[in-house]
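> Below you'll find upload_8.cif; it's mmCIF, C-alpha atoms and all ligand atoms.
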data_my_file
loop_
_atom_site.label_atom_id
_atom_site.label_comp_id
_atom_site.auth_asym_id
_atom_site.auth_seq_id
_atom_site.Cartn_x
_atom_site.Cartn_y
_atom_site.Cartn_z
CA MET A 1 -16.43 -2.93 2.39
CA GLU A 2 -18.16 -0.27 0.34
CA VAL A 3 -16.10 2.75 -0.68
CA ARG A 4 -17.95 5.82 -1.98
CA ALA A 5 -16.97 7.50 -5.23
CA PHE A 6 -14.57 10.40 -4.78
CA SER A 7 -12.23 12.69 -6.64
CA LYS A 8 -9.11 14.67 -5.79
CA SER A 9 -7.99 17.87 -7.48
CA TYR A 10 -5.09 20.22 -6.94
CA ASP A 11 -5.85 23.83 -7.94
CA GLN A 12 -8.83 22.70 -10.03
CA ASN A 13 -6.67 20.06 -11.71
CA PRO A 14 -8.21 16.62 -11.20
CA VAL A 15 -5.54 14.01 -10.44
CA LEU A 16 -7.84 11.20 -9.35
CA ARG A 17 -11.41 10.05 -9.95
CA PHE A 18 -12.40 6.88 -8.18
CA PRO A 19 -15.81 5.19 -8.61
CA ALA A 20 -17.93 3.57 -5.92
CA PHE A 21 -16.21 0.28 -5.27
CA SER A 22 -16.86 -2.81 -3.22
CA PHE A 23 -13.77 -4.31 -1.53
CA GLU A 24 -14.06 -7.91 -0.46
CA LYS A 25 -13.02 -8.72 3.10
CA GLY A 26 -9.88 -10.85 3.35
CA ALA A 27 -8.80 -10.00 -0.19
CA VAL A 28 -5.56 -8.36 -1.33
CA TYR A 29 -5.78 -5.67 -4.02
CA ALA A 30 -2.63 -4.81 -5.93
CA VAL A 31 -2.66 -1.28 -7.36
CA ILE A 32 -0.53 -0.78 -10.47
CA GLY A 33 -0.03 2.12 -12.86
CA ALA A 34 2.58 4.54 -14.16
CA ASN A 35 4.22 7.32 -12.15
CA GLY A 36 1.71 10.06 -11.46
CA SER A 37 -1.34 7.91 -12.21
CA GLY A 38 -2.83 8.63 -8.78
CA LYS A 39 -1.92 5.51 -6.77
CA SER A 40 -0.47 7.31 -3.75
CA THR A 41 -3.22 9.93 -3.85
CA PHE A 42 -5.73 7.07 -3.69
CA ALA A 43 -3.92 5.52 -0.70
CA ARG A 44 -3.57 8.87 1.10
CA VAL A 45 -7.26 9.73 0.73
CA LEU A 46 -8.32 6.30 2.04
CA ALA A 47 -5.79 6.61 4.88
CA GLY A 48 -7.31 9.94 5.88
CA ALA A 49 -3.96 11.66 5.29
CA LEU A 50 -5.48 13.82 2.56
CA PHE A 51 -8.94 15.35 2.04
CA CYS A 52 -10.66 14.44 -1.21
CA ASP A 53 -12.78 17.05 -3.01
CA GLN A 54 -15.88 15.75 -1.21
CA LYS A 55 -14.15 16.59 2.12
CA SER A 56 -15.43 13.51 3.86
CA SER A 57 -13.82 10.08 3.93
CA PRO A 58 -15.13 7.69 1.27
CA LEU A 59 -14.84 4.83 3.80
CA PRO A 60 -17.63 3.47 5.98
CA ALA A 61 -17.87 5.13 9.40
CA GLY A 62 -15.65 3.58 12.05
CA CYS A 63 -13.42 1.77 9.55
CA LYS A 64 -9.98 1.21 11.11
CA VAL A 65 -7.16 1.88 8.68
CA GLY A 66 -3.45 1.03 8.78
CA TYR A 67 -1.19 2.93 6.36
CA MET A 68 2.41 2.68 5.26
CA PRO A 69 3.22 5.75 3.14
CA GLN A 70 5.45 5.60 0.07
CA LYS A 71 8.19 7.43 2.00
CA SER A 72 8.52 5.48 5.21
CA TYR A 73 9.98 7.23 8.23
CA GLY A 74 11.57 6.49 11.58
CA PHE A 75 10.86 8.59 14.64
CA ARG A 76 13.88 9.67 16.71
CA MET A 77 13.85 6.74 19.13
CA SER A 78 14.80 3.07 19.01
CA VAL A 79 13.52 0.74 16.32
CA GLU A 80 11.68 -1.31 18.92
CA LYS A 81 9.95 1.77 20.36
CA ASN A 82 8.98 2.83 16.85
CA ILE A 83 7.41 -0.55 16.28
CA LEU A 84 5.53 -0.47 19.58
CA LEU A 85 3.88 2.77 18.39
CA GLY A 86 1.96 0.53 16.01
CA GLY A 87 0.71 -1.79 18.77
CA LYS A 88 1.71 -2.70 22.30
CA ASP A 89 2.15 -6.46 22.01
CA ARG A 90 5.88 -7.01 22.60
CA GLN A 91 5.80 -10.66 21.63
CA ARG A 92 4.20 -9.82 18.32
CA ALA A 93 6.78 -7.08 17.82
CA ARG A 94 9.58 -9.58 18.38
CA GLN A 95 8.04 -12.16 16.06
CA MET A 96 7.50 -9.62 13.31
CA MET A 97 11.02 -8.24 13.70
CA GLU A 98 12.32 -11.76 13.25
CA GLY A 99 10.09 -12.17 10.22
CA LEU A 100 11.65 -9.10 8.59
CA ALA A 101 15.16 -9.94 9.89
CA ILE A 102 15.55 -6.69 11.84
CA THR A 103 15.92 -8.12 15.36
CA HIS A 104 19.56 -6.97 15.41
CA LEU A 105 18.36 -3.38 14.83
CA ALA A 106 15.98 -3.30 17.83
CA GLU A 107 18.07 -0.87 19.89
CA ARG A 108 19.31 1.26 17.00
CA ARG A 109 17.98 4.79 16.46
CA ALA A 110 15.25 4.59 13.83
CA ASP A 111 16.02 7.94 12.21
CA ARG A 112 19.51 6.69 11.28
CA LEU A 113 18.55 3.52 9.41
CA SER A 114 19.13 2.91 5.72
CA GLY A 115 16.19 3.25 3.33
CA GLY A 116 15.49 -0.48 3.16
CA GLU A 117 15.93 -0.92 6.92
CA THR A 118 13.48 1.93 7.50
CA ALA A 119 10.95 0.31 5.17
CA ARG A 120 11.27 -3.04 6.98
CA MET A 121 10.71 -1.33 10.32
CA ALA A 122 7.77 0.69 8.97
CA LEU A 123 6.12 -2.43 7.58
CA VAL A 124 6.39 -4.18 10.96
CA ARG A 125 4.99 -1.06 12.69
CA THR A 126 2.05 -0.95 10.28
CA LEU A 127 1.19 -4.64 10.70
CA MET A 128 1.29 -4.69 14.52
CA LYS A 129 -2.50 -4.47 14.85
CA PRO A 130 -5.48 -5.85 12.95
CA TYR A 131 -7.27 -3.29 10.75
CA ASP A 132 -10.34 -3.30 8.55
CA LEU A 133 -8.19 -1.87 5.78
CA VAL A 134 -4.40 -1.83 5.39
CA LEU A 135 -2.80 0.38 2.75
CA LEU A 136 0.83 -0.30 1.79
CA ASP A 137 2.27 2.18 -0.70
CA GLU A 138 5.20 0.47 -2.47
CA PRO A 139 6.24 -1.34 0.73
CA THR A 140 9.16 -3.22 -0.83
CA ALA A 141 10.43 -0.61 -3.33
CA ALA A 142 13.49 0.19 -1.16
CA MET A 143 14.15 -3.39 -0.08
CA ASP A 144 16.71 -5.87 -1.42
CA ILE A 145 15.34 -9.04 -2.98
CA ALA A 146 15.73 -11.21 0.12
CA SER A 147 14.06 -8.61 2.35
CA ALA A 148 11.25 -8.12 -0.15
CA ALA A 149 10.58 -11.87 -0.06
CA LEU A 150 10.41 -11.75 3.76
CA ALA A 151 8.08 -8.76 3.52
CA GLU A 152 5.77 -10.60 1.13
CA ASN A 153 5.59 -13.55 3.54
CA CYS A 154 4.73 -11.20 6.39
CA ILE A 155 2.01 -9.57 4.32
CA LEU A 156 0.50 -12.96 3.44
CA ASP A 157 0.67 -14.10 7.09
CA TYR A 158 -1.07 -10.91 8.17
CA ARG A 159 -3.77 -11.42 5.60
CA ARG A 160 -4.39 -14.97 6.85
CA GLU A 161 -4.51 -13.84 10.48
CA THR A 162 -6.72 -10.77 10.17
CA GLY A 163 -9.14 -11.11 7.26
CA GLY A 164 -9.27 -7.36 6.58
CA VAL A 165 -8.88 -5.73 3.18
CA MET A 166 -5.32 -5.08 1.98
CA VAL A 167 -4.35 -2.61 -0.72
CA ILE A 168 -0.76 -2.81 -1.95
CA VAL A 169 0.65 -0.33 -4.44
CA THR A 170 3.49 -1.83 -6.44
CA HIS A 171 5.59 -1.34 -9.57
CA SER A 172 6.42 -5.04 -9.60
CA LEU A 173 3.97 -6.98 -11.73
CA LYS A 174 5.37 -10.19 -10.30
CA GLN A 175 4.59 -8.96 -6.83
CA ALA A 176 1.11 -7.94 -7.94
CA ARG A 177 0.63 -11.50 -9.20
CA ARG A 178 2.05 -13.12 -6.06
CA LEU A 179 0.17 -10.98 -3.54
CA GLY A 180 -2.91 -9.68 -5.29
CA ASP A 181 -6.19 -11.54 -5.55
CA GLN A 182 -7.37 -8.58 -7.58
CA VAL A 183 -5.49 -5.97 -9.56
CA LEU A 184 -6.54 -2.33 -9.98
CA PHE A 185 -4.93 -0.54 -12.91
CA PHE A 186 -4.76 3.25 -12.61
CA HIS A 187 -4.26 5.31 -15.73
CA GLN A 188 -4.02 9.11 -15.71
CA GLY A 189 -6.00 9.40 -12.50
CA ASN A 190 -8.68 6.89 -13.41
CA LEU A 191 -9.34 3.35 -12.31
CA LEU A 192 -9.22 2.05 -15.87
CA GLU A 193 -9.39 -1.69 -15.33
CA TRP A 194 -9.79 -4.07 -12.42
CA GLY A 195 -10.50 -7.72 -11.78
CA PRO A 196 -8.86 -10.99 -10.74
CA SER A 197 -5.06 -10.69 -10.99
CA ALA A 198 -4.60 -13.37 -13.63
CA GLN A 199 -7.23 -11.78 -15.83
CA VAL A 200 -5.97 -8.20 -15.63
CA LEU A 201 -2.27 -9.13 -15.85
CA GLU A 202 -2.57 -11.79 -18.53
CA GLN A 203 -5.71 -10.97 -20.49
CA PRO A 204 -6.40 -7.27 -20.04
CA GLU A 205 -9.40 -5.84 -21.83
CA GLN A 206 -8.25 -2.27 -22.27
CA GLU A 207 -5.67 -1.20 -24.83
CA GLU A 208 -3.99 1.11 -22.26
CA THR A 209 -3.60 -1.77 -19.81
CA ARG A 210 -2.04 -3.93 -22.53
CA ARG A 211 0.40 -1.19 -23.43
CA PHE A 212 1.35 -0.66 -19.78
CA LEU A 213 1.90 -4.37 -19.20
CA GLU A 214 3.97 -4.79 -22.34
CA PHE A 215 6.18 -1.90 -21.31
CA TYR A 216 6.67 -2.96 -17.69
CA GLY A 217 6.31 -6.69 -18.03
CA ALA A 218 8.23 -9.52 -19.62
N1 LIG A 301 0.48 18.41 -3.42
C1 LIG A 301 0.31 18.29 -4.73
N2 LIG A 301 0.09 19.38 -5.49
C2 LIG A 301 -0.10 19.28 -6.83
N3 LIG A 301 -0.07 18.11 -7.51
C3 LIG A 301 0.15 17.00 -6.80
C4 LIG A 301 0.37 17.02 -5.38
N4 LIG A 301 0.56 15.74 -4.98
C5 LIG A 301 0.48 14.96 -6.06
N5 LIG A 301 0.23 15.71 -7.17
C6 LIG A 301 0.08 15.19 -8.54
O1 LIG A 301 -0.94 14.20 -8.55
C7 LIG A 301 -0.63 13.21 -9.51
C8 LIG A 301 -0.74 11.83 -8.85
O2 LIG A 301 0.30 11.68 -7.92
P1 LIG A 301 0.50 10.34 -7.09
O3 LIG A 301 1.54 10.61 -6.06
O4 LIG A 301 -0.82 9.89 -6.63
O5 LIG A 301 1.05 9.36 -8.20
P2 LIG A 301 1.54 7.85 -8.09
O6 LIG A 301 0.67 7.05 -9.00
O7 LIG A 301 1.62 7.44 -6.68
O8 LIG A 301 3.01 7.91 -8.74
P3 LIG A 301 4.39 7.17 -8.34
O9 LIG A 301 4.38 5.85 -9.06
O10 LIG A 301 5.43 8.08 -8.88
O11 LIG A 301 4.46 7.03 -6.85
C9 LIG A 301 0.76 13.51 -10.04
O12 LIG A 301 0.65 14.12 -11.30
C10 LIG A 301 1.33 14.48 -9.03
O13 LIG A 301 2.24 15.36 -9.61
MG MG A 302 3.14 6.91 -5.41
#
Written as structure tokens, that's how I'd like the structure from this file.


Amino acid sequence: MEVRAFSKSYDQNPVLRFPAFSFEKGAVYAVIGANGSGKSTFARVLAGALFCDQKSSPLPAGCKVGYMPQKSYGFRMSVEKNILLGGKDRQRARQMMEGLAITHLAERRADRLSGGETARMALVRTLMKPYDLVLLDEPTAAMDIASAALAENCILDYRRETGGVMVIVTHSLKQARRLGDQVLFFHQGNLLEWGPSAQVLEQPEQEETRRFLEFYGA
């Protein structure tokens, strides 16, 4: 999947410059970088939630995109109804709810869930349908360790089933290693380094990447 180069500025201040990039179908891309490095801006532009400076989507025409924003939300209705907004297959909804251990929440009001419960519901809702591109912005940041492990399994199952491109923003380098075939390192609004996960995470070429990994890693 070919993505065109784009940039995003706020009041003439550039916060993101992204080059033309070829995403491989069926691959998972982990996006890492410090706070404010442009990761969510990148996800929001690709999701169509935000115009880039070029005003037109950098994605190929007709590309179907699923998106879980960094702040997940629950609409004022039951958890199950929220999930069915993502796709109408009830059996899939039930299976995915089991996968994320939220079956017991099915009838609860979604706008009254805890942060981690909301994230688990939002992940299920996002993965209800196959997409050409799925963007998950820190999907497990609010989850406890056991739930995050379930979420990772769900993400890997989805990837096996659908063969689309997945982009996962994360502050966990371990998660980037477990989920990502490729890692994209954002630094001050630029895609500074990218490549196979093992290479970027263990033998980065750029000094800035090394410094970032030393600080976050170990
Ligand atoms: N609406 C806005 N107006 C002005 N600046 C903004 C706006 N939204 C984001 N920014 C700025 O753009 C930069 C990139 O933000 P972004 O949310 O993409 O960072 P991030 O890499 O996702 O960070 P984090 O790890 O904290 O989620 C930041 O400096 C942020 O302050
Ligand atoms: Mg962010």

> Using all atoms listed in the file, which protein or nucleic acid residues come within 9 Å of segment 96-108 of chain A? Drop anything in the same chain fewer than 4 positions from it, and give the result as a list of chain:residue names.

A:Met77, A:Ser78, A:Val79, A:Glu80, A:Lys81, A:Ile83, A:Gln91, A:Arg92, A:Arg112, A:Leu113, A:Glu117, A:Arg120, A:Met121, A:Leu123, A:Val124, A:Arg125, A:Leu127, A:Met128, A:Ser147, A:Ala148, A:Leu150, A:Ala151, A:Asn153, A:Cys154

> Nearest to ligand LIG 301 (chain A): which of A:Ser22, A:Ser172, A:Asn82, A:Thr162 is it, counting all atoms listed in the file?

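Using all atoms listed in the file, the shortest distance to ligand LIG 301 (chain A) belongs to A:Ser172.
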
> Separation of atom CA of Asp53 of chain A and atom CA of Pro139 of chain A, in Å?

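Here the two named atoms are 26.7 Å from each other.
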
> Using the file's own x, y and z axes, what box holds all listed atoms of ligand LIG 301 (chain A) with 6 Å on each side, keeping edges along x, y and z, and what are its centre and edge lengths in Å to one decimal, as lines of an AutoDock Vina configuration file?


center_x = 2.2
center_y = 12.6
center_z = -7.4
size_x = 18.4
size_y = 25.5
size_z = 19.9

> Could you list, as a compact mmCIF listing (two decimals) with C-alpha atoms, in the coordinates of the input, all residues that come within 9 Å of ligand LIG 301 (chain A)? Count all atoms listed in the file.


# COMPACT_ATOMS: atom_id res chain seq x y z
CA LYS A 8 -9.11 14.67 -5.79
CA SER A 9 -7.99 17.87 -7.48
CA TYR A 10 -5.09 20.22 -6.94
CA ASP A 11 -5.85 23.83 -7.94
CA ASN A 13 -6.67 20.06 -11.71
CA PRO A 14 -8.21 16.62 -11.20
CA VAL A 15 -5.54 14.01 -10.44
CA LEU A 16 -7.84 11.20 -9.35
CA ILE A 32 -0.53 -0.78 -10.47
CA GLY A 33 -0.03 2.12 -12.86
CA ALA A 34 2.58 4.54 -14.16
CA ASN A 35 4.22 7.32 -12.15
CA GLY A 36 1.71 10.06 -11.46
CA SER A 37 -1.34 7.91 -12.21
CA GLY A 38 -2.83 8.63 -8.78
CA LYS A 39 -1.92 5.51 -6.77
CA SER A 40 -0.47 7.31 -3.75
CA THR A 41 -3.22 9.93 -3.85
CA PHE A 42 -5.73 7.07 -3.69
CA ALA A 43 -3.92 5.52 -0.70
CA ARG A 44 -3.57 8.87 1.10
CA GLN A 70 5.45 5.60 0.07
CA ASP A 137 2.27 2.18 -0.70
CA GLU A 138 5.20 0.47 -2.47
CA VAL A 169 0.65 -0.33 -4.44
CA THR A 170 3.49 -1.83 -6.44
CA HIS A 171 5.59 -1.34 -9.57
CA PHE A 186 -4.76 3.25 -12.61
CA HIS A 187 -4.26 5.31 -15.73
CA GLN A 188 -4.02 9.11 -15.71
CA GLY A 189 -6.00 9.40 -12.50

> Considering all atoms listed in the file, can you say which of A:Gln206, A:Asp157, A:Glu2, A:Gln12 comes closest to Gln95 of chain A?

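Among A:Gln206, A:Asp157, A:Glu2, A:Gln12, it is A:Asp157 that comes nearest to Gln95 of chain A.
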
> Pick out the residues sitting within 9 Å of Leu173 of chain A, and hand them over as an mmCIF file with C-alpha atoms, in the frame of the given file; count all atoms listed in the file, and ignore anything fewer than 6 positions along from it in its own chain.


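After the write, out17.cif holds the following:
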data_model
loop_
_atom_site.group_PDB
_atom_site.id
_atom_site.type_symbol
_atom_site.label_atom_id
_atom_site.label_comp_id
_atom_site.auth_asym_id
_atom_site.auth_seq_id
_atom_site.Cartn_x
_atom_site.Cartn_y
_atom_site.Cartn_z
ATOM 1 C CA ILE A 32 -0.530 -0.780 -10.470
ATOM 2 C CA LEU A 201 -2.270 -9.130 -15.850
ATOM 3 C CA LEU A 213 1.900 -4.370 -19.200
ATOM 4 C CA TYR A 216 6.670 -2.960 -17.690
ATOM 5 C CA GLY A 217 6.310 -6.690 -18.030
#

> Can you find the residues with an atom no farther than 7 Å from (-15.0, 6.2, -7.2), counting all atoms listed in the file, and report them as a list in words?

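Within 7 Å of (-15.0, 6.2, -7.2), the protein and nucleic acid residues are Arg4, Ala5, Phe6, Arg17, Phe18, Pro19, Ala20 and Phe21 of chain A.
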
> In file coordinates, which residues lie within 10 Å of (-1.1, -0.9, 14.2) using only C-alpha atoms, given as a list in words?

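Those residues, ordered by chain and then number, are Lys64, Val65, Gly66, Tyr67, Ile83, Leu84, Leu85, Gly86, Gly87, Lys88, Leu123, Val124, Arg125, Thr126, Leu127, Met128, Lys129, Pro130, Tyr131 and Val134 of chain A.
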